[in-house]
$ cat input_37.txt   # compact mmCIF, C-alpha atoms and all ligand atoms
# COMPACT_ATOMS: atom_id res chain seq x y z
CA MET A 13 0.00 0.00 0.00
CA MET A 14 1.14 3.51 -0.77
CA ASN A 15 2.58 5.28 2.22
CA VAL A 16 1.14 8.80 2.28
CA GLU A 17 4.01 10.06 4.42
CA ASP A 18 6.50 9.21 1.63
CA GLN A 19 4.80 11.56 -0.78
CA ARG A 20 6.31 15.00 -0.93
CA TYR A 21 4.84 17.81 -2.94
CA GLU A 22 7.80 19.90 -3.97
CA LEU A 23 9.50 21.20 -7.07
CA PRO A 24 11.84 18.73 -8.80
CA GLN A 25 15.42 19.51 -7.81
CA GLU A 26 16.48 20.46 -11.35
CA ILE A 27 13.74 23.07 -11.65
CA ARG A 28 14.52 24.40 -8.17
CA MET A 29 18.19 24.82 -9.05
CA THR A 30 17.41 26.48 -12.39
CA ARG A 31 14.95 28.79 -10.66
CA ASN A 32 17.74 29.90 -8.33
CA VAL A 33 20.06 30.51 -11.29
CA VAL A 34 17.43 32.77 -12.94
CA ARG A 35 16.73 34.53 -9.63
CA ASP A 36 20.46 35.29 -9.21
CA TYR A 37 20.78 36.42 -12.82
CA ILE A 38 17.90 38.91 -12.52
CA SER A 39 19.02 40.30 -9.16
CA SER A 40 22.73 40.54 -9.96
CA GLU A 41 22.78 41.34 -13.70
CA ILE A 42 19.47 42.99 -14.63
CA VAL A 43 18.31 44.98 -11.57
CA PRO A 44 21.59 46.91 -11.00
CA ARG A 45 21.89 47.84 -14.71
CA GLU A 46 18.26 48.83 -14.82
CA GLN A 47 18.79 51.26 -11.96
CA GLU A 48 21.11 53.25 -14.25
CA MET A 49 18.49 53.36 -17.02
CA GLU A 50 15.61 55.82 -17.59
CA HIS A 51 12.35 54.99 -15.80
CA ASP A 52 10.06 53.18 -18.29
CA SER A 53 12.98 51.95 -20.43
CA ILE A 54 12.10 49.01 -22.62
CA PHE A 55 15.47 48.42 -24.26
CA MET A 56 19.01 48.04 -22.94
CA ASP A 57 21.81 49.60 -24.93
CA ASP A 58 23.51 47.21 -27.35
CA ASP A 59 26.75 46.90 -25.37
CA MET A 60 24.91 45.84 -22.24
CA PHE A 61 22.69 43.46 -24.19
CA ASN A 62 25.61 41.87 -26.02
CA SER A 63 27.56 41.42 -22.79
CA LEU A 64 24.68 39.52 -21.16
CA THR A 65 23.46 37.18 -23.90
CA PRO A 66 26.55 34.90 -23.72
CA VAL A 67 25.81 34.51 -19.99
CA THR A 68 22.24 33.27 -20.52
CA LYS A 69 23.29 31.06 -23.44
CA GLU A 70 25.89 29.51 -21.16
CA MET A 71 23.16 28.91 -18.56
CA GLY A 72 21.28 26.86 -21.19
CA LEU A 73 18.19 29.04 -20.90
CA TRP A 74 18.13 30.78 -24.25
CA CYS A 75 14.53 30.97 -25.60
CA MET A 76 13.28 28.57 -22.96
CA GLY A 77 9.98 27.71 -24.69
CA VAL A 78 11.46 27.06 -28.14
CA PRO A 79 12.07 23.38 -29.01
CA GLU A 80 15.73 22.33 -28.71
CA GLU A 81 15.89 21.33 -32.39
CA HIS A 82 15.27 24.99 -33.27
CA GLY A 83 17.89 26.41 -30.90
CA GLY A 84 15.84 26.89 -27.71
CA ALA A 85 15.96 25.24 -24.28
CA GLY A 86 12.81 23.16 -24.99
CA LEU A 87 11.44 23.38 -21.45
CA SER A 88 8.04 22.07 -20.37
CA ILE A 89 5.34 24.66 -19.83
CA PHE A 90 5.54 23.93 -16.10
CA ALA A 91 9.28 24.70 -15.98
CA GLN A 92 8.61 27.82 -18.05
CA ALA A 93 5.95 28.99 -15.59
CA VAL A 94 8.32 28.55 -12.64
CA LEU A 95 11.15 30.41 -14.38
CA GLU A 96 8.94 33.14 -15.85
CA GLU A 97 7.91 34.08 -12.29
CA GLU A 98 11.60 34.89 -11.64
CA MET A 99 12.47 36.44 -15.01
CA VAL A 100 9.97 39.27 -14.67
CA GLN A 101 11.06 40.50 -11.23
CA HIS A 102 12.44 43.87 -12.34
CA ALA A 103 11.00 47.19 -13.46
CA ALA A 104 10.45 46.35 -17.15
CA GLY A 105 9.69 42.70 -16.40
CA LEU A 106 5.99 42.59 -17.22
CA TYR A 107 6.49 43.34 -20.92
CA ARG A 108 10.26 43.02 -21.46
CA PRO A 109 11.37 40.10 -19.24
CA ALA A 110 15.14 40.31 -18.73
CA TYR A 111 15.13 42.87 -21.61
CA GLY A 112 15.16 39.98 -24.05
CA THR A 113 18.60 38.84 -22.82
CA MET A 114 17.20 35.34 -22.35
CA GLY A 115 16.02 35.30 -25.98
CA SER A 116 12.63 36.06 -27.54
CA GLY A 117 11.18 33.25 -29.61
CA PRO A 118 8.68 33.70 -32.44
CA PRO A 119 4.92 33.22 -31.84
CA GLU A 120 4.62 29.50 -30.99
CA ILE A 121 2.50 28.51 -33.97
CA LEU A 122 5.34 29.39 -36.34
CA TRP A 123 6.75 25.94 -35.53
CA GLU A 124 3.63 24.43 -37.14
CA GLY A 125 4.85 25.90 -40.43
CA SER A 126 6.99 24.62 -43.32
CA ASP A 127 10.77 24.20 -43.28
CA TYR A 128 11.03 27.36 -45.38
CA GLN A 129 9.03 29.32 -42.77
CA LYS A 130 11.05 27.96 -39.87
CA GLU A 131 14.35 28.76 -41.60
CA THR A 132 13.32 32.21 -42.88
CA TYR A 133 11.45 33.49 -39.83
CA GLY A 134 11.72 31.11 -36.87
CA ILE A 135 15.45 30.40 -36.56
CA PRO A 136 16.59 34.02 -37.25
CA THR A 137 14.14 35.16 -34.54
CA VAL A 138 15.56 32.66 -32.05
CA ASN A 139 19.02 33.99 -33.01
CA GLY A 140 17.89 37.55 -32.27
CA GLU A 141 18.34 38.68 -35.90
CA ARG A 142 14.62 39.12 -36.57
CA HIS A 143 11.65 40.02 -34.38
CA GLY A 144 8.10 38.71 -34.79
CA TRP A 145 4.60 39.77 -33.71
CA PHE A 146 1.13 38.32 -34.14
CA ALA A 147 -2.05 40.06 -35.15
CA ILE A 148 -5.57 38.87 -34.36
CA THR A 149 -7.44 41.91 -33.01
CA GLU A 150 -9.16 44.30 -35.42
CA PRO A 151 -10.91 47.65 -34.92
CA SER A 152 -14.16 45.61 -35.10
CA GLY A 153 -13.24 43.80 -31.84
CA GLY A 154 -10.89 41.37 -30.13
CA SER A 155 -13.06 39.38 -27.69
CA ASP A 156 -14.74 37.33 -30.40
CA PRO A 157 -12.14 37.36 -33.18
CA ALA A 158 -13.65 34.52 -35.19
CA ARG A 159 -16.67 36.75 -35.88
CA ALA A 160 -14.90 40.10 -35.81
CA ILE A 161 -12.10 39.43 -38.32
CA GLN A 162 -12.88 41.47 -41.46
CA THR A 163 -9.39 41.61 -42.95
CA ARG A 164 -9.74 39.75 -46.25
CA ALA A 165 -7.24 37.65 -48.15
CA VAL A 166 -8.08 36.77 -51.77
CA ARG A 167 -6.16 34.44 -54.01
CA ASP A 168 -4.41 35.99 -57.02
CA GLY A 169 -2.59 33.32 -59.05
CA ASP A 170 0.06 31.88 -56.75
CA ASP A 171 -0.19 34.81 -54.36
CA TRP A 172 -2.71 36.20 -51.90
CA ILE A 173 -3.80 39.85 -51.66
CA ILE A 174 -4.63 41.12 -48.16
CA ASN A 175 -6.72 44.20 -47.39
CA GLY A 176 -7.81 45.41 -43.95
CA SER A 177 -6.43 46.51 -40.60
CA LYS A 178 -5.30 45.11 -37.22
CA ILE A 179 -5.16 47.07 -34.00
CA PHE A 180 -3.21 46.97 -30.69
CA ILE A 181 -0.46 44.75 -32.10
CA SER A 182 2.37 44.43 -29.57
CA GLY A 183 5.94 44.39 -30.81
CA ALA A 184 5.00 45.43 -34.37
CA PRO A 185 6.77 48.84 -34.16
CA TRP A 186 10.05 47.05 -33.38
CA GLY A 187 9.44 43.88 -35.38
CA ASP A 188 10.15 43.03 -38.99
CA TRP A 189 7.70 40.18 -39.61
CA GLY A 190 4.48 38.85 -38.15
CA ILE A 191 1.51 36.51 -38.41
CA VAL A 192 -1.77 37.98 -39.66
CA PHE A 193 -5.09 36.16 -39.38
CA ALA A 194 -7.31 37.05 -42.36
CA ARG A 195 -10.68 35.83 -43.57
CA THR A 196 -10.38 33.59 -46.62
CA ASP A 197 -13.91 32.14 -46.58
CA PRO A 198 -16.45 34.94 -46.05
CA ASP A 199 -19.30 32.42 -45.61
CA SER A 200 -17.80 30.65 -42.60
CA ARG A 201 -17.07 31.97 -39.11
CA ARG A 202 -13.99 29.77 -38.98
CA GLY A 203 -12.85 30.40 -42.58
CA ILE A 204 -9.68 32.13 -41.42
CA THR A 205 -6.10 31.62 -42.61
CA ALA A 206 -2.79 32.58 -40.99
CA PHE A 207 -0.27 34.45 -43.19
CA ILE A 208 3.31 35.46 -42.53
CA VAL A 209 4.00 39.01 -43.71
CA GLU A 210 6.97 41.37 -43.52
CA ASN A 211 6.89 44.97 -42.27
CA ASP A 212 8.78 46.37 -45.26
CA TRP A 213 6.59 44.86 -47.99
CA ASP A 214 4.64 47.25 -50.26
CA GLY A 215 1.09 47.65 -48.98
CA PHE A 216 2.07 47.31 -45.30
CA ASP A 217 1.95 50.31 -43.01
CA LEU A 218 1.73 50.86 -39.26
CA GLU A 219 0.90 53.62 -36.82
CA PRO A 220 2.07 53.35 -33.18
CA ILE A 221 -0.70 53.71 -30.55
CA PRO A 222 0.50 55.45 -27.37
CA VAL A 223 -0.94 53.60 -24.35
CA ILE A 224 -0.51 53.38 -20.57
CA ARG A 225 2.73 51.37 -20.93
CA ALA A 226 5.95 52.28 -22.74
CA TYR A 227 5.97 49.08 -24.80
CA TYR A 228 3.22 50.41 -27.03
CA PRO A 229 1.31 48.52 -29.70
CA ALA A 230 0.46 49.62 -33.25
CA GLN A 231 -2.37 49.69 -35.72
CA LEU A 232 -1.48 47.87 -38.94
CA PHE A 233 -2.84 48.69 -42.39
CA PHE A 234 -2.86 46.31 -45.35
CA ASP A 235 -3.49 47.92 -48.72
CA ASN A 236 -3.34 45.27 -51.45
CA LEU A 237 -0.53 43.57 -49.55
CA ARG A 238 0.77 40.77 -51.80
CA VAL A 239 1.78 37.58 -49.96
CA PRO A 240 3.31 34.54 -51.71
CA SER A 241 1.64 31.16 -51.12
CA ARG A 242 4.73 29.85 -49.33
CA ASN A 243 3.88 32.34 -46.56
CA VAL A 244 0.53 30.70 -45.76
CA LEU A 245 1.01 29.22 -42.26
CA GLY A 246 -0.82 25.90 -41.89
CA GLU A 247 -3.85 25.08 -44.00
CA VAL A 248 -6.01 27.55 -45.89
CA ASP A 249 -9.32 28.18 -44.03
CA ASN A 250 -7.96 26.34 -40.99
CA GLY A 251 -6.12 29.14 -39.21
CA TRP A 252 -8.77 29.51 -36.56
CA ASP A 253 -8.43 26.03 -35.11
CA LEU A 254 -4.66 26.37 -35.19
CA LEU A 255 -5.01 29.66 -33.35
CA ALA A 256 -7.73 28.76 -30.86
CA ASN A 257 -6.39 25.38 -29.87
CA LYS A 258 -2.65 25.82 -30.02
CA LEU A 259 -1.89 29.45 -29.32
CA LEU A 260 -4.36 31.39 -27.25
CA ALA A 261 -5.12 29.10 -24.32
CA ARG A 262 -1.51 27.92 -23.93
CA ALA A 263 -0.12 31.47 -23.95
CA ARG A 264 -2.25 32.28 -20.91
CA ILE A 265 -0.03 30.11 -18.68
CA PRO A 266 3.30 31.99 -19.02
CA TYR A 267 1.30 35.24 -19.20
CA SER A 268 -0.20 34.42 -15.79
CA ALA A 269 3.22 33.49 -14.39
CA ALA A 270 4.48 36.95 -15.39
CA ASN A 271 1.56 38.52 -13.51
CA LEU A 272 2.48 36.44 -10.47
CA GLY A 273 6.19 37.33 -10.65
CA VAL A 274 5.59 41.07 -10.63
CA ALA A 275 3.12 40.66 -7.75
CA VAL A 276 5.83 38.76 -5.84
CA ALA A 277 8.37 41.54 -6.51
CA ALA A 278 5.98 44.29 -5.37
CA HIS A 279 5.03 42.32 -2.24
CA LYS A 280 8.72 41.80 -1.31
CA MET A 281 9.33 45.54 -1.62
CA ALA A 282 6.35 46.30 0.63
CA VAL A 283 7.48 43.83 3.31
CA GLU A 284 11.04 45.22 3.37
CA TYR A 285 9.91 48.83 3.45
CA SER A 286 7.38 48.23 6.25
CA LYS A 287 10.20 47.04 8.52
CA THR A 288 12.29 50.17 8.05
CA ARG A 289 9.71 52.96 7.89
CA GLU A 290 8.82 54.30 11.33
CA THR A 291 5.81 56.37 12.36
CA PHE A 292 4.64 57.19 15.90
CA GLY A 293 7.81 55.61 17.28
CA ALA A 294 7.55 52.17 15.68
CA PRO A 295 8.00 50.52 12.23
CA ILE A 296 4.75 50.48 10.25
CA ALA A 297 5.21 46.67 10.04
CA THR A 298 4.00 46.53 13.65
CA ARG A 299 0.58 48.01 12.71
CA GLN A 300 -2.20 45.55 12.13
CA ALA A 301 -3.67 47.63 9.29
CA VAL A 302 -0.37 47.28 7.40
CA GLN A 303 0.08 43.61 8.36
CA TRP A 304 -3.35 42.74 7.00
CA MET A 305 -2.53 44.28 3.64
CA MET A 306 0.58 42.10 3.52
CA VAL A 307 -1.40 39.05 4.65
CA ASP A 308 -3.92 39.51 1.84
CA SER A 309 -1.09 39.78 -0.69
CA GLU A 310 0.65 36.69 0.71
CA VAL A 311 -2.54 34.59 0.54
CA GLU A 312 -3.36 35.72 -3.00
CA ILE A 313 0.17 35.10 -4.26
CA ARG A 314 0.25 31.56 -2.89
CA ALA A 315 -3.17 30.69 -4.29
CA CYS A 316 -2.21 32.17 -7.65
CA ARG A 317 0.94 30.07 -7.90
CA TRP A 318 -0.99 26.83 -7.46
CA LEU A 319 -3.61 27.83 -10.03
CA ILE A 320 -0.86 28.50 -12.58
CA TRP A 321 0.94 25.27 -11.76
CA GLU A 322 -2.29 23.29 -12.09
CA ALA A 323 -2.87 24.69 -15.59
CA ALA A 324 0.75 23.98 -16.54
CA TRP A 325 0.61 20.40 -15.24
CA GLN A 326 -2.59 19.76 -17.16
CA TYR A 327 -1.02 21.14 -20.35
CA ASP A 328 2.15 19.07 -19.98
CA ALA A 329 0.08 15.94 -19.26
CA GLY A 330 -1.87 16.45 -22.50
CA GLU A 331 -5.13 17.05 -20.63
CA ASP A 332 -7.78 19.64 -21.49
CA PHE A 333 -6.18 22.60 -19.72
CA ARG A 334 -8.31 25.45 -21.11
CA GLN A 335 -10.49 26.04 -18.05
CA ALA A 336 -7.48 25.93 -15.71
CA ALA A 337 -5.58 28.37 -17.96
CA SER A 338 -8.51 30.79 -17.94
CA ILE A 339 -8.81 30.52 -14.15
CA ALA A 340 -5.09 31.26 -13.77
CA LYS A 341 -5.38 34.20 -16.15
CA VAL A 342 -8.39 35.80 -14.43
CA PHE A 343 -6.96 35.37 -10.95
CA SER A 344 -3.38 36.41 -11.72
CA ALA A 345 -4.40 39.58 -13.58
CA ASP A 346 -6.71 40.51 -10.73
CA ILE A 347 -4.29 39.91 -7.86
CA LEU A 348 -1.43 41.62 -9.68
CA GLY A 349 -3.41 44.87 -9.59
CA LYS A 350 -4.37 44.40 -5.94
CA VAL A 351 -0.90 43.45 -4.69
CA VAL A 352 0.81 46.35 -6.50
CA ASP A 353 -1.85 48.72 -5.20
CA ARG A 354 -1.22 47.61 -1.59
CA ALA A 355 2.55 47.85 -2.06
CA ILE A 356 2.09 51.47 -3.19
CA GLN A 357 -0.12 52.18 -0.17
CA ILE A 358 2.49 50.77 2.20
CA HIS A 359 5.19 52.95 0.57
CA GLY A 360 3.06 56.07 1.03
CA GLY A 361 4.12 58.98 -1.22
CA TYR A 362 7.27 57.19 -2.37
CA GLY A 363 5.03 54.52 -3.86
CA VAL A 364 3.90 56.81 -6.66
CA THR A 365 7.32 58.31 -7.47
CA LYS A 366 9.26 57.37 -10.55
CA ALA A 367 12.20 56.45 -8.32
CA LEU A 368 10.54 53.07 -7.73
CA PRO A 369 9.09 50.55 -10.20
CA LEU A 370 5.74 50.40 -8.36
CA GLU A 371 3.93 53.16 -10.28
CA ARG A 372 5.11 51.59 -13.55
CA TRP A 373 3.76 48.18 -12.54
CA TYR A 374 0.52 49.82 -11.40
CA ARG A 375 -0.04 51.31 -14.88
CA GLU A 376 1.18 48.28 -16.78
CA ALA A 377 -0.84 45.83 -14.68
CA ARG A 378 -4.06 47.45 -15.88
CA VAL A 379 -3.53 46.11 -19.39
CA ARG A 380 -3.36 42.54 -18.06
CA ARG A 381 -7.12 42.34 -17.43
CA ILE A 382 -7.69 43.20 -21.11
CA GLY A 383 -4.81 41.68 -23.11
CA GLU A 384 -4.55 37.96 -23.91
CA GLY A 385 -8.37 37.69 -23.61
CA PRO A 386 -10.21 40.01 -21.22
CA THR A 387 -11.43 38.84 -17.80
CA GLU A 388 -15.06 38.62 -18.97
CA ILE A 389 -14.12 36.32 -21.85
CA GLN A 390 -12.07 34.06 -19.53
CA LYS A 391 -15.11 33.84 -17.29
CA MET A 392 -17.21 32.75 -20.28
CA VAL A 393 -14.72 29.90 -20.91
CA ILE A 394 -14.80 28.89 -17.23
CA ALA A 395 -18.62 28.99 -17.10
CA ARG A 396 -18.92 26.93 -20.29
CA GLU A 397 -16.76 24.21 -18.77
CA ILE A 398 -18.63 24.30 -15.44
CA LEU A 399 -21.96 23.84 -17.24
CA ASN A 400 -20.79 21.41 -19.93
CA PRO A 401 -17.55 19.69 -18.91
CA GLY A 402 -15.46 18.50 -21.88
CA GLY A 403 -17.72 20.29 -24.37
CA PRO A 404 -16.50 21.81 -27.64
CA PRO A 405 -14.57 25.10 -27.64
CA GLY A 406 -16.55 28.25 -28.48
C1 LIG A 501 -1.59 47.18 -24.90
C2 LIG A 501 -2.31 46.11 -25.67
C3 LIG A 501 -1.57 45.17 -26.40
C4 LIG A 501 -2.22 44.22 -27.20
N1 LIG A 501 -1.49 43.34 -27.96
C5 LIG A 501 -2.13 42.55 -28.88
C6 LIG A 501 -1.39 41.75 -29.84
O1 LIG A 501 -0.15 41.70 -29.82
N2 LIG A 501 -2.09 41.06 -30.76
C7 LIG A 501 -3.44 41.06 -30.81
O2 LIG A 501 -4.01 40.41 -31.69
N3 LIG A 501 -4.17 41.78 -29.93
C8 LIG A 501 -3.55 42.53 -28.96
N4 LIG A 501 -4.27 43.28 -28.08
C9 LIG A 501 -5.72 43.31 -28.19
C10 LIG A 501 -6.45 42.60 -27.06
O3 LIG A 501 -6.32 41.20 -27.19
C11 LIG A 501 -7.91 43.07 -27.13
O4 LIG A 501 -7.94 44.43 -26.72
C12 LIG A 501 -8.84 42.22 -26.32
O5 LIG A 501 -8.95 40.93 -26.87
C13 LIG A 501 -10.24 42.84 -26.23
O6 LIG A 501 -10.73 43.21 -27.48
P1 LIG A 501 -11.31 44.70 -27.68
O7 LIG A 501 -10.33 45.66 -27.15
O8 LIG A 501 -11.73 44.82 -29.09
O9 LIG A 501 -12.59 44.74 -26.74
P2 LIG A 501 -14.07 44.25 -27.09
O10 LIG A 501 -14.02 42.89 -27.72
O11 LIG A 501 -14.75 45.33 -27.87
O12 LIG A 501 -14.72 44.16 -25.66
C14 LIG A 501 -14.97 45.33 -24.87
C15 LIG A 501 -15.35 44.92 -23.45
O13 LIG A 501 -16.54 44.14 -23.47
C16 LIG A 501 -16.33 42.91 -22.79
N5 LIG A 501 -17.09 41.86 -23.46
C17 LIG A 501 -17.04 41.51 -24.76
N6 LIG A 501 -17.88 40.50 -25.00
C18 LIG A 501 -18.49 40.21 -23.84
C19 LIG A 501 -19.49 39.25 -23.43
N7 LIG A 501 -20.00 38.39 -24.31
N8 LIG A 501 -19.88 39.26 -22.14
C20 LIG A 501 -19.36 40.15 -21.25
N9 LIG A 501 -18.41 41.06 -21.57
C21 LIG A 501 -18.00 41.09 -22.84
C22 LIG A 501 -14.83 42.65 -22.91
O14 LIG A 501 -14.40 41.80 -21.89
C23 LIG A 501 -14.28 44.06 -22.77
O15 LIG A 501 -14.21 44.38 -21.40
C24 LIG A 501 -3.64 44.18 -27.22
C25 LIG A 501 -4.37 45.10 -26.44
C26 LIG A 501 -3.72 46.04 -25.67
C27 LIG A 501 -4.55 47.02 -24.87
$ encode --input "input_37.txt" --output "structure tokens"
Amino acid sequence: MMNVEDQRYELPQEIRMTRNVVRDYISSEIVPREQEMEHDSIFMDDDMFNSLTPVTKEMGLWCMGVPEEHGGAGLSIFAQAVLEEEMVQHAAGLYRPAYGTMGSGPPEILWEGSDYQKETYGIPTVNGERHGWFAITEPSGGSDPARAIQTRAVRDGDDWIINGSKIFISGAPWGDWGIVFARTDPDSRRGITAFIVENDWDGFDLEPIPVIRAYYPAQLFFDNLRVPSRNVLGEVDNGWDLLANKLLARARIPYSAANLGVAVAAHKMAVEYSKTRETFGAPIATRQAVQWMMVDSEVEIRACRWLIWEAAWQYDAGEDFRQAASIAKVFSADILGKVVDRAIQIHGGYGVTKALPLERWYREARVRRIGEGPTEIQKMVIAREILNPGGPPG
């Protein structure tokens, strides 16, 4: 009979050790350099960047989610979630983890493409020579993209001609290629195809959209953009299933881990500060009102970690992980805002100065309840699964 006392629920030793390596790297290499940079910086200067990338390559953590055969570390989604929590614990961490010094892979579904696509777009992106983005959302709406996508692609001989627009596309102002989802069958909600396009092709234009965070997105315009057939990613009219099943739900897991990591960093700052700041003759850490704020943050952070790990375990085990991923996304985006807000409160006036990363996280956290599927849409996914377990995706 199984002895319950022999069972220990703890991180595998290899992941624990790697987590410590990433933690040390962020605190000793990224945080001190960042303190010399402008508040809200999203890029390191080239010399700094080039001095750090050999370090992370040596650590074996370059592009941790990219399969090993394509030059990445090929880690499980669970290992990625654990490490992502550490990678983001610095001022720019929510949108520029480690300033890209641990590599930035292409959108995951690129690896579903042809050898030509992997060699032309995927591998150079892993190598840091190219930078990709992906575009689903349109001015007509992002919550229900299968219905909202109006960008049209029409066959013209061996090519396709794309007309339309995408909005709020992250990374496009600094990228040079991306994946565009366009309608190829106007009679079917799912008649959508994924195309790879390049920023400098005729018929492509973009306009940056200033938003609450420095890493701003762009609106893209396609005016008779000609795309060769070899740049169709996956099957014609089958881009939606590729997108819905492979990309969106899975991406919510590392996205949630980033929310958690910044919450952890803000909470740590609040705890440290509360021990040193004195009012009325004693540190504010001795006041119950302050302790209870820290207690709420501690409880939420711990609960959040397990929700993310549950989703990651389900994904790695090949189970239907969509509900768990939505739960992790809703909860992590929510508690990130609350924990950062409390950390600011505990810091008093200093909390809202640009000397600290807290006000930056406070602004940037707000996007997290909208991006990667808004909270209301995640709740629709969760409700669907509660009412009809194992049912078809929406
Ligand atoms: C900074 C930033 C970066 C982004 N980066 C990208 C990117 O790289 N690529 C990309 O494709 N997109 C990106 N997005 C777009 C993002 O995914 C969308 O904003 C999001 O999906 C919501 O779409 P929407 O803004 O059109 O809102 P809408 O779909 O118009 O929804 C508006 C509001 O109504 C709510 N709502 C909608 N339907 C329902 C319903 N049935 N029941 C209850 N409530 C509902 C929504 O939750 C939301 O609160 C980004 C957005 C931002 C702000």
$ residues_near_ligand --input "input_37.txt" --ligand "ligand LIG 501 (chain A)" --cutoff "7 Å" --atoms "only C-alpha atoms and all ligand atoms" --output "number ranges by chain"
A: 145-156, 179-183, 223, 228-229, 379, 382-389
$ residues_around --input "input_37.txt" --residues "Ala269 of chain A" --least-positions-apart "2" --cutoff "7 Å" --atoms "only C-alpha atoms" --output "mmCIF file with C-alpha atoms, in the coordinates of the input"
data_model
loop_
_atom_site.group_PDB
_atom_site.id
_atom_site.type_symbol
_atom_site.label_atom_id
_atom_site.label_comp_id
_atom_site.auth_asym_id
_atom_site.auth_seq_id
_atom_site.Cartn_x
_atom_site.Cartn_y
_atom_site.Cartn_z
ATOM 1 C CA ALA A 93 5.950 28.990 -15.590
ATOM 2 C CA GLU A 96 8.940 33.140 -15.850
ATOM 3 C CA GLU A 97 7.910 34.080 -12.290
ATOM 4 C CA ILE A 265 -0.030 30.110 -18.680
ATOM 5 C CA PRO A 266 3.300 31.990 -19.020
ATOM 6 C CA TYR A 267 1.300 35.240 -19.200
ATOM 7 C CA ASN A 271 1.560 38.520 -13.510
ATOM 8 C CA LEU A 272 2.480 36.440 -10.470
ATOM 9 C CA GLY A 273 6.190 37.330 -10.650
ATOM 10 C CA ILE A 320 -0.860 28.500 -12.580
#
$ residues_around --input "input_37.txt" --residues "Thr298 of chain A" --least-positions-apart "6" --cutoff "10 Å" --atoms "only C-alpha atoms" --output "list in words"
Ser286, Lys287 and Glu290 of chain A
$ closest_residue --input "input_37.txt" --among "A:Trp74, A:Gly86, A:Ala270, A:Phe55" --to "Val100 of chain A" --atoms "only C-alpha atoms"
A:Ala270
$ closest_residue --input "input_37.txt" --among "A:Ala329, A:Ala85, A:Met99, A:Ala294" --to "Lys69 of chain A" --atoms "only C-alpha atoms"
A:Ala85
$ closest_residue --input "input_37.txt" --among "A:Pro369, A:Leu232, A:Phe61, A:Glu80" --to "Tyr111 of chain A" --atoms "only C-alpha atoms"
A:Phe61
$ atom_distance --input "input_37.txt" --atom1 "atom CA of His102 of chain A" --atom2 "atom CA of Tyr37 of chain A"
11.2 Å
$ closest_residue --input "input_37.txt" --among "A:Ala355, A:Val248, A:Ile42, A:Ala275" --to "Arg167 of chain A" --atoms "only C-alpha atoms"
A:Val248
$ closest_residue --input "input_37.txt" --among "A:Thr291, A:Thr132, A:Ser344, A:Asn243" --to "Ala315 of chain A" --atoms "all atoms listed in the file"
A:Ser344
$ residues_around --input "input_37.txt" --residues "Trp189 of chain A" --least-positions-apart "6" --cutoff "8 Å" --atoms "all atoms listed in the file" --output "PDB file with C-alpha atoms, keeping the file's coordinate frame"
ATOM      1  CA  TYR A 133      11.450  33.490 -39.830  1.00  0.00           C
ATOM      2  CA  ARG A 142      14.620  39.120 -36.570  1.00  0.00           C
ATOM      3  CA  HIS A 143      11.650  40.020 -34.380  1.00  0.00           C
ATOM      4  CA  GLY A 144       8.100  38.710 -34.790  1.00  0.00           C
ATOM      5  CA  TRP A 145       4.600  39.770 -33.710  1.00  0.00           C
ATOM      6  CA  ILE A 208       3.310  35.460 -42.530  1.00  0.00           C
ATOM      7  CA  VAL A 209       4.000  39.010 -43.710  1.00  0.00           C
ATOM      8  CA  GLU A 210       6.970  41.370 -43.520  1.00  0.00           C
ATOM      9  CA  ASN A 211       6.890  44.970 -42.270  1.00  0.00           C
TER      10      ASN A 211
END
$ atom_distance --input "input_37.txt" --atom1 "atom CA of Phe207 of chain A" --atom2 "atom CA of Pro240 of chain A"
9.2 Å
$ residues_around --input "input_37.txt" --residues "Val274 of chain A" --least-positions-apart "3" --cutoff "12 Å" --atoms "only C-alpha atoms" --output "number ranges by chain"
A: 96-109, 267-271, 277-281, 313, 344-345, 347-353, 355, 369-370, 372-374, 376-377, 380
$ closest_residue --input "input_37.txt" --among "A:Glu312, A:Glu141, A:Asp188, A:Asp197" --to "Thr163 of chain A" --atoms "only C-alpha atoms"
A:Asp197
$ axis_aligned_box --input "input_37.txt" --around "segment 68-82 of chain A" --padding-each-side "6 Å" --output "AutoDock Vina command-line options"
--center_x 17.9 --center_y 27.3 --center_z -25.9 --size_x 27.9 --size_y 23.9 --size_z 26.7
$ atom_distance --input "input_37.txt" --atom1 "atom CA of Ile221 of chain A" --atom2 "atom CA of Asn175 of chain A"
20.3 Å
$ residues_around --input "input_37.txt" --residues "Glu48 of chain A" --least-positions-apart "4" --cutoff "12 Å" --atoms "all atoms listed in the file" --output "JSON, numbers by chain"
{"A": [42, 43, 44, 52, 53, 56, 57, 60, 103, 367]}
$ write_last_selection --input "input_37.txt" --atoms "C-alpha atoms" --output "mmCIF file, in the frame of the given file"
data_model
loop_
_atom_site.group_PDB
_atom_site.id
_atom_site.type_symbol
_atom_site.label_atom_id
_atom_site.label_comp_id
_atom_site.auth_asym_id
_atom_site.auth_seq_id
_atom_site.Cartn_x
_atom_site.Cartn_y
_atom_site.Cartn_z
ATOM 1 C CA ILE A 42 19.470 42.990 -14.630
ATOM 2 C CA VAL A 43 18.310 44.980 -11.570
ATOM 3 C CA PRO A 44 21.590 46.910 -11.000
ATOM 4 C CA ASP A 52 10.060 53.180 -18.290
ATOM 5 C CA SER A 53 12.980 51.950 -20.430
ATOM 6 C CA MET A 56 19.010 48.040 -22.940
ATOM 7 C CA ASP A 57 21.810 49.600 -24.930
ATOM 8 C CA MET A 60 24.910 45.840 -22.240
ATOM 9 C CA ALA A 103 11.000 47.190 -13.460
ATOM 10 C CA ALA A 367 12.200 56.450 -8.320
#
